[in-house]
Amino acid sequence: MTASQQTASQTWLIRNVRPAGGPATDLILSEGRITETGSGLTAPGAQVLDGTGLIALPGLVDLHTHLREPGREDAETVLTGTQAAALGGYTAVHAMANTEPVADTAGVVEQIWRLGRQAGYCDVQPVGAVTVGLEGSRLAELGAMADSAARVRIFSDDGRCVSDAVLMRRALEYVKAFGGVIAQHAQEPRLTEGAQLNEGEMSGLLGLAGWPAVAEEAIIARDCLLTAHVGSALHVCHVSTAGSVEIIRWAKSKGWRVTAEVTPHHLLLTDELAASYDPVYKVNPPLRTAADVAALRAGLADGTIDCVATDHAPHAVEDKETEWHVAAFGMTGLETALRVVHAAMVETGLLDWAQVADRMSVRPAAIGQLDGTAIGAAGQSLSAALHGRPLTAGSPANLVLYDPAARSVVDPAQHASRSRNTPFAGMDLPGQVIATFLRGEPVVLDGKLAR
Amino acid sequence: MKRHLISAADLSRDDALLILDTAEELAQMADRPIRKLPTLRGRTVVNLFYEDSTRTRISFEAAAKRLSADVINFSAKGSSVAKGESLKDTALTLEAMGADAVVIRHQASGAPHRLAGWVRGSVVNAGDGTHEHPTQALLDAFTMRRRLGRLDGLRVAIVGDVLHSRVARSNVLLLRTLGADVTLVAPPTLLPVAVSAWPCEISYDLATVLPKTDVVMMLRVQAERMNAAYFPTVREYSRRYGLDAARMALLPEHAIVMHPGPMNRGVEIAAEVADSARSTIVEQVANGVAVRMAVLYLLLSGVDPGPGIEATEVIR
């Protein structure tokens, strides 16, 4: 089955919508593409959607999603995870490799990729493990995953750090052969043994073992230098400290191929929330201080941090309704990401909507090589699977319609994700995803799943 | 007073003084032939201990029994997740039994906070991980006041593994509330990195602090800290931060020496210091019962839903 066979035949006329927050226009979606833009368009027989007051963004692309399938289908499946993604405005997600079994072979990544195709709510691009079983001792068959139908380009042991400097160097070098990138979960393991919470005032007060900023920053600095030394590409996962932003800014100033992501929760929440000892606030890397939040926002605004990635990490209730130190790390994020970015970055005047499109679609698509600039070997029809393209005639019709004037309280019971561990529960957040189109087909309409 | 006693920070100055004054009255009862009050008759106190601590459990048990409460001891060793039922399920069980107060000792910081969200009775923190141990701080303050007659302006040095000490955290908070001036003395490795934000002074040098100290409180040093390079050897720790007779001589004449127990004699405290007249270590244990009686009395006798009302609420 190819993507083109999946495209919808229904034509859509979206009236009076503002692409990337710019002047209002009409859009016609047909045969999986945006076929026309302009004012006063007509399309006989088309479904009409009044986009007055809505912003259109290219479909969001997440570089960091945990779909939990295979292995923990009680927490999330590819189906529920991609439904959550669609409801959040995403048309492509990168599925992290820490499944059971680990996505460290061509067979597993192809399985995950196919499950995504079957679910049909958004494209699922598997991330391959760097090392066998995420054990950090031997390289996984990176080439086989790259050549598979899943066409893996991002490799990560996320959840664990490739802490061995030699192994990290070899991984960075090896993936040059097929234009891969290593996405590092930067966490010096010895400095974070038993770590529970950002090391600082709160960890001291609460008596929770500290997760120091230096444990992240030291690895990022080392990896930037290794990347420069071997001329490869590094992507830094979930940057969480002010110091990390500075190091990445410095690495970029050298012209090194270093990219970085920040999560919505690190843009909005601080470690003070841990005072309740409610593990819904337990995440890795941990929530940091208000000064870190300010630096992350500034870094995302000036482009030092390339993009927002959710680190959507669903967990079963019993893994969170526990004492803090035994609870699982992680928060769900797909269904709230755009609204959180709206609150943290747009309402604060740090980003306009065109920049939101850049940080949540264009740049992550480029890092994940879903934007058509790199041509893969096998399997899918790349021209149909493009993401992060401008909303102009000829682009694939992957887009999200967003109502920036809406406001509501986050209710996890309404989420499509199988898990409920959102730290934003009960928060009043701006905005609402109204519709998501995947290759011209509405997967979300009126804020609800459309199929 | 709040419904729970989870952190020393839960106590206002008035709350803390009320507990100490109440404990003073209750302590006098210990000298009477019949050492039992009917105050909490018909009320149930559960001792929920996830960590071995015979002395603290016995202290709470004695306190509850002297107030005529029914006491249920519930020992659940080991991680609640690794084996056995979850803390939440245990909490629901206790709730169904109609526990009016749950005294919890747990190796996880914050476990009493979690428990308080799942039960309706009062939660008393009897030590949670490396977080707090508020009744220990209360009995320490009680002991200081008895020995030295005041707390306001008292100069207290707390010496040792502050980083991992729930006793230190609770004492810093409570003593600050009660107007004492606290100095923490430890090697830098055993202080939290952001300790400068705490309402106290910091020193790395015990000898310079002792002459300006009314109370010196020695904390237990766990042998396993040595393996994590917090200090080079036990001997070096003892030389630099231990209290021996020569160091004790640096203290003003009226000063007292405290230890929350159990002691490592010869490590943080020399035997001759522990057994000296300045030492309040045995007194602390005796005072613990009176202070815990005061806490249970004030938490449980103030609000009185009555067992019948509790039962109907459970049925609903």
# chains A, B, ... in the order shown; residues from 1 in each chain; ligands from 1
>>> interface_residues(of="chain B", to="chain A", cutoff="8 Å", atoms="only C-alpha atoms", output="list of chain:residue names")
B:Val81, B:Ser86, B:Leu87, B:Lys88, B:Ala108, B:Ser109, B:Gly110, B:Ala111, B:His113, B:Arg114, B:Gly129, B:Thr130, B:His131, B:Glu132, B:Leu163, B:His164, B:Arg166, B:Arg169, B:Pro192, B:Val193, B:Ala194, B:Val195, B:Ala197
>>> select_by_dssp(residues="segment 162-252 of chain A", states="strand (DSSP E)", output="JSON, numbers by chain")
{"A": [181, 182, 183, 184, 197, 198, 210, 211, 234, 235, 236]}
>>> atom_distance(atom1="atom CA of Asp62 of chain A", atom2="atom CA of Ser361 of chain A")
7.8 Å
>>> closest_residue(among="B:Ser170, B:Asn227, B:Ser165, B:Gln28", to="Asp140 of chain B", atoms="only C-alpha atoms")
B:Ser170
>>> select_by_dssp(residues="segment 34-282 of chain A", states="helix (DSSP H, G or I)", output="PyMOL selection string")
chain A and resi 78-87+106-119+132-134+142-147+165-178+190-192+201-206+213-230+242-253+264-268+271-276+279-281
>>> write_last_selection(atoms="C-alpha atoms", output="compact mmCIF listing (two decimals), in the first residue's frame")
# COMPACT_ATOMS: atom_id res chain seq x y z
CA VAL A 78 0.19 3.36 18.03
CA LEU A 79 -3.53 3.88 17.39
CA THR A 80 -4.32 5.85 20.55
CA GLY A 81 -1.03 7.73 20.40
CA THR A 82 -1.56 8.83 16.84
CA GLN A 83 -5.16 9.78 17.62
CA ALA A 84 -3.78 11.95 20.41
CA ALA A 85 -1.27 13.37 17.95
CA ALA A 86 -3.96 14.23 15.40
CA LEU A 87 -6.05 15.92 18.09
CA ALA A 106 14.85 -3.35 10.92
CA GLY A 107 12.04 -5.75 11.85
CA VAL A 108 10.83 -3.78 14.84
CA VAL A 109 11.06 -0.35 13.19
CA GLU A 110 9.14 -1.65 10.18
CA GLN A 111 6.46 -3.07 12.46
CA ILE A 112 5.99 0.29 14.16
CA TRP A 113 6.00 2.10 10.84
CA ARG A 114 3.31 -0.25 9.47
CA LEU A 115 1.17 0.12 12.61
CA GLY A 116 1.25 3.86 12.01
CA ARG A 117 0.18 3.44 8.40
CA GLN A 118 -2.69 1.18 9.47
CA ALA A 119 -3.87 3.59 12.13
CA VAL A 132 21.45 -2.97 21.07
CA GLY A 133 18.68 -3.08 23.66
CA LEU A 134 19.55 0.49 24.69
CA LEU A 142 21.82 1.30 12.18
CA GLY A 143 22.33 0.71 8.45
CA ALA A 144 19.68 -1.99 8.31
CA MET A 145 17.17 0.33 9.98
CA ALA A 146 18.13 3.14 7.61
CA ASP A 147 17.60 0.89 4.59
CA ALA A 165 32.32 8.68 24.66
CA VAL A 166 33.82 6.19 22.23
CA LEU A 167 30.48 4.60 21.40
CA MET A 168 28.94 8.03 20.88
CA ARG A 169 31.80 9.01 18.60
CA ARG A 170 31.41 5.84 16.54
CA ALA A 171 27.66 6.28 16.26
CA LEU A 172 28.07 9.86 15.06
CA GLU A 173 30.65 8.76 12.54
CA TYR A 174 28.79 5.69 11.32
CA VAL A 175 25.51 7.42 10.48
CA LYS A 176 27.29 9.82 8.14
CA ALA A 177 27.15 7.02 5.56
CA PHE A 178 23.38 7.43 5.22
CA ARG A 190 27.06 8.78 37.51
CA LEU A 191 25.98 12.33 38.34
CA THR A 192 22.33 11.29 38.29
CA GLU A 201 16.49 24.70 46.32
CA MET A 202 13.50 22.42 45.81
CA SER A 203 15.39 19.12 45.89
CA GLY A 204 17.11 20.22 49.09
CA LEU A 205 13.87 21.27 50.68
CA LEU A 206 11.95 18.18 49.63
CA ALA A 213 22.04 20.73 35.43
CA VAL A 214 25.71 19.93 34.92
CA ALA A 215 24.83 16.27 34.24
CA GLU A 216 22.98 17.43 31.12
CA GLU A 217 25.34 20.22 30.13
CA ALA A 218 28.54 18.16 30.39
CA ILE A 219 27.18 15.56 27.95
CA ILE A 220 25.91 18.21 25.53
CA ALA A 221 29.29 19.96 25.54
CA ARG A 222 31.11 16.68 24.95
CA ASP A 223 28.74 15.64 22.17
CA CYS A 224 29.00 19.00 20.40
CA LEU A 225 32.79 18.62 20.38
CA LEU A 226 32.56 15.02 19.15
CA THR A 227 30.14 16.07 16.42
CA ALA A 228 32.53 18.76 15.26
CA HIS A 229 35.48 16.38 15.41
CA VAL A 230 33.89 13.74 13.18
CA ALA A 242 19.93 27.62 30.80
CA GLY A 243 23.49 26.31 30.58
CA SER A 244 22.53 23.84 27.84
CA VAL A 245 21.08 26.68 25.78
CA GLU A 246 24.37 28.58 26.07
CA ILE A 247 26.44 25.57 25.02
CA ILE A 248 24.21 24.92 22.00
CA ARG A 249 24.33 28.59 21.04
CA TRP A 250 28.11 28.39 21.14
CA ALA A 251 28.20 25.16 19.09
CA LYS A 252 25.93 26.70 16.46
CA SER A 253 28.10 29.79 16.32
CA PRO A 264 6.26 22.13 26.16
CA HIS A 265 6.46 21.27 29.87
CA HIS A 266 9.95 22.70 30.21
CA LEU A 267 8.64 25.91 28.63
CA LEU A 268 5.86 26.34 31.17
CA ASP A 271 10.34 22.31 39.88
CA GLU A 272 8.28 24.10 42.52
CA LEU A 273 5.36 21.91 41.43
CA ALA A 274 7.13 18.94 43.00
CA ALA A 275 6.26 20.33 46.44
CA SER A 276 3.05 18.30 46.23
CA PRO A 279 4.54 12.17 40.45
CA VAL A 280 2.54 13.68 37.60
CA TYR A 281 5.33 16.29 37.79
>>> residues_around(residues="segment 281-292 of chain B", least_positions_apart="3", cutoff="10 Å", atoms="only C-alpha atoms", output="JSON, numbers by chain")
{"B": [19, 20, 21, 22, 23, 24, 25, 26, 27, 28, 29, 30, 55, 56, 58, 59, 60, 61, 62, 63, 64, 66, 124, 126, 135, 136, 137, 138, 139, 140, 141, 142, 143, 144, 146, 147, 217, 256, 257, 258, 259, 260, 261, 262, 263, 274, 275, 276, 278, 295, 296, 297, 298]}
>>> residues_around(residues="Thr189 of chain B", least_positions_apart="6", cutoff="12 Å", atoms="only C-alpha atoms", output="PyMOL selection string")
chain B and resi 160-164+195+204+225-226+228-232+237
>>> write_last_selection(atoms="C-alpha atoms", output="short mmCIF file (atom, residue, chain, number, x, y, z; two decimals), in the first residue's frame")
data_model
loop_
_atom_site.label_atom_id
_atom_site.label_comp_id
_atom_site.auth_asym_id
_atom_site.auth_seq_id
_atom_site.Cartn_x
_atom_site.Cartn_y
_atom_site.Cartn_z
CA GLY B 160 26.91 16.08 60.09
CA ASP B 161 25.06 14.57 57.14
CA VAL B 162 22.59 17.38 56.55
CA LEU B 163 22.05 16.33 52.92
CA HIS B 164 20.40 13.05 53.86
CA VAL B 195 21.58 25.26 51.29
CA TYR B 204 32.57 23.81 57.35
CA ARG B 225 28.07 7.48 52.50
CA MET B 226 31.73 6.63 52.45
CA ALA B 228 29.89 7.45 47.44
CA ALA B 229 32.97 9.59 48.20
CA TYR B 230 31.18 12.04 50.48
CA PHE B 231 34.31 11.88 52.62
CA PRO B 232 37.58 9.98 52.32
CA TYR B 237 35.27 12.39 59.08
#
>>> closest_residue(among="A:Leu197, A:Val17, A:Val293, A:Ala316", to="Arg68 of chain A", atoms="only C-alpha atoms")
A:Ala316
>>> atom_distance(atom1="atom CA of Phe329 of chain A", atom2="atom CA of Arg418 of chain A")
16.5 Å
>>> closest_residue(among="B:Leu250, B:Leu37, B:Ala116, B:Ala8", to="Leu175 of chain B", atoms="only C-alpha atoms")
B:Ala8
>>> atom_distance(atom1="atom CA of Arg3 of chain B", atom2="atom CA of Thr422 of chain A")
28.7 Å
>>> closest_residue(among="B:Gly179, B:Gly153, B:Gly127, B:Pro112", to="Ser53 of chain B", atoms="only C-alpha atoms")
B:Gly127
